Structure formats: structure tokens, C-alpha cells
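Have a look at run_35.tsv; it's TSV, C-alpha atoms:
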```
chain	number	residue	atom	x	y	z
N	1	MET	CA	35.90	33.85	-107.87
N	2	PHE	CA	38.22	32.71	-105.09
N	3	VAL	CA	36.25	30.81	-102.46
N	4	GLU	CA	37.31	30.76	-98.82
N	5	TYR	CA	35.69	28.99	-95.92
N	6	TYR	CA	35.04	30.07	-92.36
N	7	ARG	CA	33.89	28.18	-89.31
N	8	TYR	CA	31.70	29.79	-86.68
N	9	LEU	CA	32.15	28.43	-83.18
N	10	SER	CA	30.49	28.55	-79.79
N	11	ASP	CA	32.08	25.58	-78.06
N	12	PRO	CA	34.83	26.81	-75.66
N	13	SER	CA	36.76	23.54	-75.98
N	14	GLU	CA	36.87	23.87	-79.75
N	15	VAL	CA	38.01	27.48	-79.44
N	16	ALA	CA	40.81	26.22	-77.14
N	17	GLN	CA	41.69	23.56	-79.71
N	18	VAL	CA	42.14	26.24	-82.38
N	19	ILE	CA	44.35	28.32	-80.07
N	20	HIS	CA	46.48	25.54	-78.60
N	21	GLU	CA	46.65	23.07	-81.49
N	22	ARG	CA	46.05	25.29	-84.53
N	23	ARG	CA	43.49	22.73	-85.62
N	24	ILE	CA	39.87	23.17	-86.69
N	25	GLN	CA	37.63	20.19	-86.07
N	26	SER	CA	34.38	19.54	-84.28
N	27	MET	CA	34.69	17.99	-80.81
N	28	ASN	CA	31.60	15.87	-81.32
N	29	LEU	CA	32.63	12.21	-81.58
N	30	VAL	CA	29.08	10.86	-81.93
N	31	ALA	CA	28.71	12.92	-85.09
N	32	GLY	CA	32.03	11.59	-86.39
N	33	ARG	CA	33.65	15.00	-85.80
N	34	ALA	CA	31.71	16.31	-88.79
N	35	THR	CA	32.76	19.93	-89.09
N	36	TRP	CA	30.67	22.59	-90.79
N	37	TYR	CA	31.98	25.65	-92.60
N	38	SER	CA	30.41	28.54	-94.42
N	39	ALA	CA	31.63	30.04	-97.68
N	40	ILE	CA	30.60	33.47	-96.42
N	41	ARG	CA	32.62	35.72	-94.13
N	42	TYR	CA	30.47	37.39	-91.49
N	43	ASP	CA	31.87	40.17	-89.34
N	44	ASN	CA	28.67	40.39	-87.35
N	45	PRO	CA	27.76	37.21	-85.42
N	46	ILE	CA	24.07	38.07	-85.64
N	47	ASP	CA	24.33	37.94	-89.44
N	48	ALA	CA	26.03	34.55	-89.14
N	49	GLN	CA	23.26	33.25	-86.89
N	50	ARG	CA	20.56	34.58	-89.22
N	51	THR	CA	22.00	33.32	-92.50
N	52	LEU	CA	23.30	30.03	-91.15
N	53	ALA	CA	19.99	29.57	-89.27
N	54	LEU	CA	21.68	28.69	-85.98
N	55	PRO	CA	19.83	28.42	-82.66
N	56	HIS	CA	22.45	30.54	-80.87
N	57	VAL	CA	24.84	33.35	-81.73
N	58	PRO	CA	28.36	32.05	-82.46
N	59	SER	CA	31.10	33.38	-80.22
N	60	HIS	CA	34.06	33.04	-82.62
N	61	ARG	CA	34.95	32.88	-86.29
N	62	VAL	CA	38.00	31.03	-87.61
N	63	GLY	CA	39.34	31.29	-91.14
N	64	PRO	CA	39.77	31.95	-93.93
N	65	VAL	CA	40.67	28.51	-95.22
N	66	ALA	CA	41.27	28.63	-98.96
N	67	GLU	CA	39.19	26.21	-101.02
N	68	LEU	CA	42.34	24.41	-102.21
N	69	GLN	CA	43.39	23.80	-98.60
N	70	MET	CA	40.09	22.27	-97.59
N	71	PRO	CA	40.02	18.49	-97.05
N	72	PRO	CA	37.49	16.36	-98.95
N	73	LEU	CA	33.94	17.54	-98.35
N	74	ASP	CA	31.19	15.05	-97.63
N	75	ILE	CA	28.61	17.80	-98.12
N	76	LYS	CA	29.37	20.08	-101.07
N	77	PRO	CA	28.31	23.74	-101.07
N	78	ARG	CA	24.57	23.98	-100.57
N	79	PRO	CA	22.10	26.66	-99.58
N	80	LEU	CA	20.83	26.59	-96.03
N	81	ALA	CA	17.23	25.92	-95.13
N	82	PRO	CA	15.33	28.18	-92.74
N	83	ALA	CA	15.43	27.17	-89.08
N	84	PHE	CA	14.83	28.58	-85.61
N	85	GLY	CA	13.05	31.64	-86.94
N	86	TYR	CA	15.89	32.59	-89.27
N	87	PRO	CA	15.71	32.52	-93.07
N	88	GLY	CA	18.97	30.68	-93.76
N	89	GLY	CA	20.09	31.14	-97.34
N	90	GLY	CA	23.80	31.07	-96.55
N	91	VAL	CA	26.18	28.49	-97.98
N	92	GLU	CA	27.54	25.58	-95.96
N	93	VAL	CA	29.86	22.62	-96.49
N	94	ARG	CA	30.93	19.77	-94.26
N	95	THR	CA	34.05	17.66	-93.79
N	96	VAL	CA	34.97	15.00	-91.27
N	97	PHE	CA	38.67	15.81	-91.55
N	98	PRO	CA	40.65	18.35	-89.55
N	99	VAL	CA	42.04	21.53	-91.00
N	100	HIS	CA	45.48	22.58	-89.71
N	101	ILE	CA	45.95	26.31	-89.77
N	102	PHE	CA	49.07	28.43	-90.00
N	103	GLY	CA	51.25	28.67	-86.89
N	104	LEU	CA	54.85	28.85	-85.68
N	105	LEU	CA	55.50	26.00	-83.26
N	106	ASP	CA	58.47	25.97	-80.87
N	107	PHE	CA	59.25	22.23	-80.79
N	108	GLN	CA	61.19	22.41	-77.53
N	109	LYS	CA	58.64	24.39	-75.56
N	110	ARG	CA	55.67	22.79	-77.37
N	111	HIS	CA	54.33	26.30	-77.65
N	112	TRP	CA	52.92	28.26	-80.55
N	113	ASP	CA	54.93	31.47	-80.91
N	114	LEU	CA	52.60	32.72	-83.60
M	1	MET	CA	24.77	26.53	-75.53
M	2	LEU	CA	26.88	23.96	-77.29
M	3	LEU	CA	27.86	20.87	-75.39
M	4	ASN	CA	31.45	19.78	-75.13
M	5	HIS	CA	30.99	16.75	-72.96
M	6	GLN	CA	31.09	13.45	-74.84
M	7	GLN	CA	28.64	11.80	-72.44
M	8	SER	CA	26.15	14.59	-73.11
M	9	PHE	CA	26.66	14.18	-76.84
M	10	LYS	CA	25.85	10.48	-76.44
M	11	GLU	CA	22.71	11.10	-74.38
M	12	LEU	CA	21.45	13.70	-76.79
M	13	ASP	CA	22.28	11.51	-79.77
M	14	ALA	CA	20.18	8.70	-78.26
M	15	LEU	CA	17.27	11.13	-78.09
M	16	LEU	CA	17.89	12.25	-81.69
M	17	GLU	CA	17.97	8.63	-82.84
M	18	ALA	CA	14.60	7.99	-81.16
M	19	ILE	CA	13.26	10.98	-83.09
M	20	ARG	CA	14.80	9.63	-86.29
M	21	THR	CA	12.67	6.49	-85.87
M	22	ILE	CA	9.54	8.65	-85.62
M	23	PHE	CA	10.64	10.54	-88.75
M	24	VAL	CA	11.24	7.30	-90.69
M	25	LEU	CA	7.76	6.04	-89.85
M	26	LEU	CA	6.30	9.38	-90.89
M	27	ILE	CA	8.14	9.24	-94.24
M	28	GLN	CA	6.74	5.77	-94.89
M	29	ARG	CA	3.19	6.54	-93.76
M	30	GLU	CA	2.93	9.78	-95.74
M	31	SER	CA	5.05	8.62	-98.72
M	32	LEU	CA	7.11	11.79	-98.50
M	33	LYS	CA	9.12	12.73	-101.59
M	34	GLU	CA	12.70	14.03	-101.89
M	35	GLU	CA	13.00	13.41	-98.19
M	36	SER	CA	16.11	13.51	-96.03
M	37	ILE	CA	16.94	13.26	-92.34
M	38	GLU	CA	19.98	15.01	-90.96
M	39	LYS	CA	21.23	15.56	-87.43
M	40	TRP	CA	23.92	17.50	-85.55
M	41	ARG	CA	24.05	20.35	-88.07
M	42	TRP	CA	26.72	22.83	-86.96
M	43	ASP	CA	27.23	20.65	-83.85
M	44	TYR	CA	23.82	21.47	-82.43
M	45	PRO	CA	21.73	18.59	-81.07
M	46	VAL	CA	19.16	19.07	-83.80
M	47	ILE	CA	17.50	16.60	-86.14
M	48	THR	CA	15.75	17.75	-89.29
M	49	LEU	CA	13.29	16.04	-91.59
M	50	THR	CA	13.08	17.74	-94.99
M	51	TRP	CA	10.77	16.91	-97.87
M	52	VAL	CA	9.21	18.50	-100.92
M	53	ALA	CA	5.50	18.76	-101.60
M	54	ASP	CA	3.57	21.03	-103.96
M	55	ARG	CA	6.91	22.40	-105.22
M	56	MET	CA	7.72	23.78	-101.78
M	57	ASN	CA	10.45	22.66	-99.41
M	58	ARG	CA	9.23	21.73	-95.95
M	59	ASN	CA	11.07	20.80	-92.81
M	60	ILE	CA	10.53	19.83	-89.20
M	61	ASN	CA	13.37	20.69	-86.81
M	62	VAL	CA	13.65	19.21	-83.35
M	63	LEU	CA	16.30	20.82	-81.16
M	64	ALA	CA	17.27	18.97	-77.98
M	65	GLY	CA	19.09	20.33	-74.97
M	66	TYR	CA	19.32	20.11	-71.22
M	67	SER	CA	16.97	21.40	-68.61
M	68	GLN	CA	18.31	24.63	-67.17
M	69	GLU	CA	16.75	23.70	-63.84
M	70	ASN	CA	19.28	20.94	-63.44
M	71	GLY	CA	22.12	23.09	-64.64
M	72	TYR	CA	24.37	22.65	-67.61
M	73	LEU	CA	26.22	19.34	-67.39
M	74	SER	CA	25.09	18.86	-63.81
M	75	THR	CA	25.29	15.46	-62.17
M	76	THR	CA	21.64	14.80	-63.01
M	77	PRO	CA	21.13	16.43	-66.38
M	78	GLU	CA	17.90	15.70	-68.12
M	79	PRO	CA	17.62	16.00	-71.88
M	80	ILE	CA	14.66	18.07	-72.97
M	81	ILE	CA	13.17	19.23	-76.23
M	82	GLU	CA	14.09	22.86	-76.67
M	83	VAL	CA	11.89	23.38	-79.68
M	84	VAL	CA	9.87	21.59	-82.35
M	85	GLU	CA	9.33	23.87	-85.32
M	86	VAL	CA	8.38	23.80	-88.97
M	87	ASN	CA	9.49	25.81	-91.97
M	88	VAL	CA	8.11	25.92	-95.48
M	89	TRP	CA	9.95	27.80	-98.22
M	90	LYS	CA	10.27	28.39	-101.91
M	91	ASP	CA	13.24	30.11	-103.56
M	92	VAL	CA	12.62	32.16	-106.67
M	93	ASP	CA	15.02	33.98	-109.01
M	94	GLU	CA	13.33	37.38	-109.29
M	95	SER	CA	15.95	39.06	-111.47
M	96	GLU	CA	19.55	38.43	-112.49
M	97	GLY	CA	21.57	37.63	-109.38
M	98	ILE	CA	18.64	38.23	-107.04
M	99	ARG	CA	17.18	35.15	-105.43
M	100	VAL	CA	14.30	35.55	-103.02
M	101	ARG	CA	13.22	33.11	-100.38
M	102	ASN	CA	9.52	33.13	-99.58
M	103	TRP	CA	9.05	31.29	-96.32
M	104	ARG	CA	6.97	30.61	-93.25
M	105	HIS	CA	8.04	29.56	-89.78
M	106	GLU	CA	5.91	28.08	-87.02
M	107	VAL	CA	6.91	26.98	-83.54
M	108	ILE	CA	4.99	23.91	-82.43
M	109	VAL	CA	6.51	23.23	-79.02
M	110	ARG	CA	9.01	25.13	-76.90
M	111	LYS	CA	10.78	23.79	-73.78
M	112	ALA	CA	8.98	20.49	-73.49
M	113	LYS	CA	9.98	18.53	-70.46
M	114	ALA	CA	8.61	15.21	-69.34
M	115	GLY	CA	9.77	12.91	-66.60
M	116	ARG	CA	10.11	9.37	-67.91
M	117	VAL	CA	11.74	8.54	-71.22
M	118	GLN	CA	8.54	6.93	-72.47
M	119	ASP	CA	6.50	10.04	-71.57
M	120	ARG	CA	9.07	12.15	-73.33
M	121	LEU	CA	8.92	10.07	-76.51
M	122	GLU	CA	5.13	10.14	-76.53
M	123	LEU	CA	5.24	13.90	-76.16
M	124	ILE	CA	7.77	14.19	-78.97
M	125	GLU	CA	5.73	11.93	-81.22
M	126	ARG	CA	2.58	13.98	-80.63
M	127	SER	CA	4.54	17.17	-81.31
M	128	ILE	CA	5.96	15.78	-84.55
M	129	GLN	CA	2.53	14.67	-85.76
M	130	LEU	CA	1.25	18.16	-85.01
M	131	ALA	CA	4.27	19.67	-86.76
M	132	TYR	CA	3.70	17.51	-89.83
M	133	LYS	CA	0.04	18.47	-89.97
M	134	GLU	CA	1.00	22.13	-89.79
M	135	ALA	CA	3.84	21.92	-92.34
M	136	SER	CA	1.93	19.83	-94.85
M	137	HIS	CA	-1.04	22.22	-94.92
M	138	ILE	CA	0.88	25.42	-95.58
M	139	THR	CA	0.16	26.72	-99.06
M	140	ASP	CA	2.03	29.05	-101.38
M	141	ASP	CA	0.03	32.13	-100.37
M	142	GLN	CA	0.75	31.52	-96.68
M	143	LEU	CA	4.50	32.10	-97.12
M	144	ASP	CA	4.46	35.37	-95.22
M	145	ARG	CA	8.18	36.20	-95.07
M	146	LYS	CA	10.49	37.28	-97.87
M	147	THR	CA	14.31	37.35	-97.72
M	148	ILE	CA	17.00	37.90	-100.37
M	149	ILE	CA	19.49	35.03	-100.31
M	150	ALA	CA	22.67	34.04	-102.19
M	151	SER	CA	21.95	33.14	-105.78
M	152	GLU	CA	22.77	29.61	-106.85
M	153	ASN	CA	24.60	31.14	-109.80
M	154	THR	CA	27.40	32.37	-107.53
M	155	ALA	CA	30.84	30.78	-107.42
M	156	PHE	CA	29.96	28.97	-104.19
M	157	TYR	CA	28.02	26.32	-106.05
```

The structure in this file should be written as C-alpha cells.
Amino acid sequence: MFVEYYRYLSDPSEVAQVIHERRIQSMNLVAGRATWYSAIRYDNPIDAQRTLALPHVPSHRVGPVAELQMPPLDIKPRPLAPAFGYPGGGVEVRTVFPVHIFGLLDFQKRHWDL
Amino acid sequence: MLLNHQQSFKELDALLEAIRTIFVLLIQRESLKEESIEKWRWDYPVITLTWVADRMNRNINVLAGYSQENGYLSTTPEPIIEVVEVNVWKDVDESEGIRVRNWRHEVIVRKAKAGRVQDRLELIERSIQLAYKEASHITDDQLDRKTIIASENTAFY
């Protein structure tokens, strides 16, 4: 089976980072920019909240990132524990490295055309 | 709400570290097995103590945040405890490809606010002791919720 990873976001500054830099990485410096992904694609954010056992509903999803394109993981795929009234049971991984996603950059304008 | 302000991350992390100390003492006092402490899961200001007892997984989650009264990232934000909660669960393979999680969830404290840092830590410590008492007494037949989850035989693992 071909595994792909997705990140579910709620932080507006991280959403802006994805749009303007085509880069996925947590903004949290105190946590060493540790960035969590799920191996499951959710189209419904409520399902993501429930299975990832998050305290709030994510606002965005970014991905897929193919397994081969993922940087080294410091937490390998593992099942999620229950939390915040949700059962968990999804699959999560973690990396401290950024993931650069596809884009077409105009070098002169410093603008992403695509 | 997630926080995107590095100063807020630092303040909340200081609170999480204080809670970590309480967790470490609890691990030592109760000789907890297969224990782990983890914080900032999915960027949330949460710290989790997990351990195994009586073949069941048990955790205490403490989620921090900011008082809404002061406003998000206001000039005088005050970290608060959003919730202290416990979960106990046991995953069972019921048939091929079907894995069932039997679990129980209890909220111990919600929206705890205290003025001074010392008051806050005492409140947190009391809440964690209460949470531990609750989590450690839950037995197999008290797992009142049942959810189908991804099998560990899938390609993810």
C-alpha cells in the first residue's frame, strides 16, 4: 500500500506559510518546530478532530506528501490515544524538518505562480 | 485556538514544564510502568502522562490556554488550565482487520483559573492527584465506550 501523509492545521500563520512559502512546518519554536502528520486523509474536519483526538476542529488540510518525500521521522507511525472526549485511533507521525511542497516560483517577482 | 505568538508559546511551555515536574514525581511515587510524558502534540499546549496498568493504557491530559476574559494574546494574557482529563483504553482485535477500542473518558477539571502562579500550581497538582486517583481505579468493565479504529496490521505501521 502506498502511504501518504497529511497535516491538519488551525494556525493562520502556518496556513500563510504554506501559501506564501510552499513549506509545511510547525511555527512553534519551543517545541523545536516538531510537525505532526496523519497517514489518513480526512475530507471532513470533524472526522479529523475525532480520530486525531484534537481539542479543536482543524481549519485546513495540506497534503498529500508521499512517504518517500517525507523527511526523517522522530516519531514513527503510531496509533493515537483517546483525548478530549474523542476516541483517537488514527495514525500519526512527527518530524522536526520542513517539507517543501510543489510550486512554480517566479524568481524575479518572488511570487508563486502556481 | 492555536497560538502563533512565540512569547505565548514560551509562557505556556513554562506552565507545561511545571506540570511535567508533577508528573515525574507521580511516576516515581506510584512506580508507574511503561510510562511516557509528551507535550505539544499537534501544536496544542497539552502535556500527557501515559502509563499501563492491569493491561490497560491510561493517560492524564492537561490542556493549557489563555483566559478568554483577557482576550487572545492581549497585553495581559493569563495562562489557564483549559481541561484536566483522563482516559483509559484497551484495544482488541475482534476479527480480521477489525480492531476495537474499548475506552472511558472523564473530565476532572474544566477552565481552572487561579490568580498567583503558586495558587495555580497547587490547583493543578490537586487536579492531577484527583485525575490519577480516577484513572488508576478504572477497571475493565468500566470501559463504557466502543470505537472501531485502524488495525495495526495496516500498511501504516

message: I need the residue nearest Leu32 in chain M from this list: M:Val88, M:Ile19, M:Ala53, M:Ala14. Use all atoms listed in the file for the distance.
response: M:Ala53

field: Point-to-point distance from CA of Glu35 in chain M to CA of Ile80 in chain M, Å rounded to tenths
entry: 25.7 Å

task: Determine which residues of chain N sit within 6 Å of chain M, taking into account only C-alpha atoms, and present them as a list in words.
output: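 Within 6 Å of chain M on chain N, we get Met1, Asp11, Trp36, Pro77 and Gly89 of chain N.
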
- line: Min atom-atom distance to Val109 in chain M from the set N:Glu67, N:Arg23, N:Phe84, N:Pro58, counting all atoms listed in the file, belongs to N:Phe84

message: One decimal, in Å: what's the spacing between CA of Asn28 in chain N and CA of Ser127 in chain M?
response: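 Calculated distance between CA of Asn28 in chain N and CA of Ser127 in chain M is 27.1 Å.
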
Give me range 32-57 of chain M with N, CA and C atoms filled in, as a PDB file, in the frame of the given file.
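This is the output file rebuild-v2.pdb:
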```pdb
ATOM      1  N   LEU M  32       6.492  10.490 -98.235  1.00  0.00           N
ATOM      2  CA  LEU M  32       7.110  11.790 -98.500  1.00  0.00           C
ATOM      3  C   LEU M  32       8.140  11.672 -99.621  1.00  0.00           C
ATOM      4  N   LYS M  33       8.232  12.726-100.426  1.00  0.00           N
ATOM      5  CA  LYS M  33       9.120  12.730-101.590  1.00  0.00           C
ATOM      6  C   LYS M  33      10.336  13.632-101.336  1.00  0.00           C
ATOM      7  N   GLU M  34      11.446  13.271-102.003  1.00  0.00           N
ATOM      8  CA  GLU M  34      12.700  14.030-101.890  1.00  0.00           C
ATOM      9  C   GLU M  34      13.039  14.285-100.419  1.00  0.00           C
ATOM     10  N   GLU M  35      12.833  13.253 -99.633  1.00  0.00           N
ATOM     11  CA  GLU M  35      13.000  13.410 -98.190  1.00  0.00           C
ATOM     12  C   GLU M  35      14.438  13.168 -97.748  1.00  0.00           C
ATOM     13  N   SER M  36      14.803  13.789 -96.636  1.00  0.00           N
ATOM     14  CA  SER M  36      16.110  13.510 -96.030  1.00  0.00           C
ATOM     15  C   SER M  36      16.005  13.752 -94.524  1.00  0.00           C
ATOM     16  N   ILE M  37      16.853  13.066 -93.795  1.00  0.00           N
ATOM     17  CA  ILE M  37      16.940  13.260 -92.340  1.00  0.00           C
ATOM     18  C   ILE M  37      18.397  13.574 -92.033  1.00  0.00           C
ATOM     19  N   GLU M  38      18.612  14.619 -91.275  1.00  0.00           N
ATOM     20  CA  GLU M  38      19.980  15.010 -90.960  1.00  0.00           C
ATOM     21  C   GLU M  38      20.041  15.459 -89.503  1.00  0.00           C
ATOM     22  N   LYS M  39      21.120  15.136 -88.833  1.00  0.00           N
ATOM     23  CA  LYS M  39      21.230  15.560 -87.430  1.00  0.00           C
ATOM     24  C   LYS M  39      22.596  16.194 -87.155  1.00  0.00           C
ATOM     25  N   TRP M  40      22.684  16.863 -86.035  1.00  0.00           N
ATOM     26  CA  TRP M  40      23.920  17.500 -85.550  1.00  0.00           C
ATOM     27  C   TRP M  40      24.449  18.562 -86.502  1.00  0.00           C
ATOM     28  N   ARG M  41      23.565  19.281 -87.195  1.00  0.00           N
ATOM     29  CA  ARG M  41      24.050  20.350 -88.070  1.00  0.00           C
ATOM     30  C   ARG M  41      24.733  21.432 -87.243  1.00  0.00           C
ATOM     31  N   TRP M  42      25.905  21.824 -87.666  1.00  0.00           N
ATOM     32  CA  TRP M  42      26.720  22.830 -86.960  1.00  0.00           C
ATOM     33  C   TRP M  42      26.893  22.483 -85.482  1.00  0.00           C
ATOM     34  N   ASP M  43      26.963  21.178 -85.208  1.00  0.00           N
ATOM     35  CA  ASP M  43      27.230  20.650 -83.850  1.00  0.00           C
ATOM     36  C   ASP M  43      26.056  20.792 -82.885  1.00  0.00           C
ATOM     37  N   TYR M  44      24.968  21.333 -83.326  1.00  0.00           N
ATOM     38  CA  TYR M  44      23.820  21.470 -82.430  1.00  0.00           C
ATOM     39  C   TYR M  44      23.044  20.162 -82.366  1.00  0.00           C
ATOM     40  N   PRO M  45      22.511  19.827 -81.206  1.00  0.00           N
ATOM     41  CA  PRO M  45      21.730  18.590 -81.070  1.00  0.00           C
ATOM     42  C   PRO M  45      20.355  18.746 -81.722  1.00  0.00           C
ATOM     43  N   VAL M  46      20.375  18.837 -83.031  1.00  0.00           N
ATOM     44  CA  VAL M  46      19.160  19.070 -83.800  1.00  0.00           C
ATOM     45  C   VAL M  46      19.008  17.942 -84.816  1.00  0.00           C
ATOM     46  N   ILE M  47      17.771  17.548 -85.060  1.00  0.00           N
ATOM     47  CA  ILE M  47      17.500  16.600 -86.140  1.00  0.00           C
ATOM     48  C   ILE M  47      16.418  17.207 -87.018  1.00  0.00           C
ATOM     49  N   THR M  48      16.619  17.077 -88.322  1.00  0.00           N
ATOM     50  CA  THR M  48      15.750  17.750 -89.290  1.00  0.00           C
ATOM     51  C   THR M  48      15.218  16.752 -90.307  1.00  0.00           C
ATOM     52  N   LEU M  49      13.923  16.772 -90.495  1.00  0.00           N
ATOM     53  CA  LEU M  49      13.290  16.040 -91.590  1.00  0.00           C
ATOM     54  C   LEU M  49      12.911  17.063 -92.657  1.00  0.00           C
ATOM     55  N   THR M  50      13.394  16.835 -93.877  1.00  0.00           N
ATOM     56  CA  THR M  50      13.080  17.740 -94.990  1.00  0.00           C
ATOM     57  C   THR M  50      12.392  16.949 -96.093  1.00  0.00           C
ATOM     58  N   TRP M  51      11.398  17.539 -96.709  1.00  0.00           N
ATOM     59  CA  TRP M  51      10.770  16.910 -97.870  1.00  0.00           C
ATOM     60  C   TRP M  51      10.203  17.997 -98.784  1.00  0.00           C
ATOM     61  N   VAL M  52       9.769  17.564 -99.948  1.00  0.00           N
ATOM     62  CA  VAL M  52       9.210  18.500-100.920  1.00  0.00           C
ATOM     63  C   VAL M  52       7.784  18.073-101.245  1.00  0.00           C
ATOM     64  N   ALA M  53       6.888  19.026-101.206  1.00  0.00           N
ATOM     65  CA  ALA M  53       5.500  18.760-101.600  1.00  0.00           C
ATOM     66  C   ALA M  53       4.933  20.034-102.201  1.00  0.00           C
ATOM     67  N   ASP M  54       4.156  19.884-103.246  1.00  0.00           N
ATOM     68  CA  ASP M  54       3.570  21.030-103.960  1.00  0.00           C
ATOM     69  C   ASP M  54       4.641  22.059-104.344  1.00  0.00           C
ATOM     70  N   ARG M  55       5.791  21.567-104.769  1.00  0.00           N
ATOM     71  CA  ARG M  55       6.910  22.400-105.220  1.00  0.00           C
ATOM     72  C   ARG M  55       7.420  23.351-104.128  1.00  0.00           C
ATOM     73  N   MET M  56       7.175  22.992-102.892  1.00  0.00           N
ATOM     74  CA  MET M  56       7.720  23.780-101.780  1.00  0.00           C
ATOM     75  C   MET M  56       8.525  22.856-100.874  1.00  0.00           C
ATOM     76  N   ASN M  57       9.640  23.409-100.376  1.00  0.00           N
ATOM     77  CA  ASN M  57      10.450  22.660 -99.410  1.00  0.00           C
ATOM     78  C   ASN M  57       9.807  22.797 -98.039  1.00  0.00           C
TER      79      ASN M  57
END
```
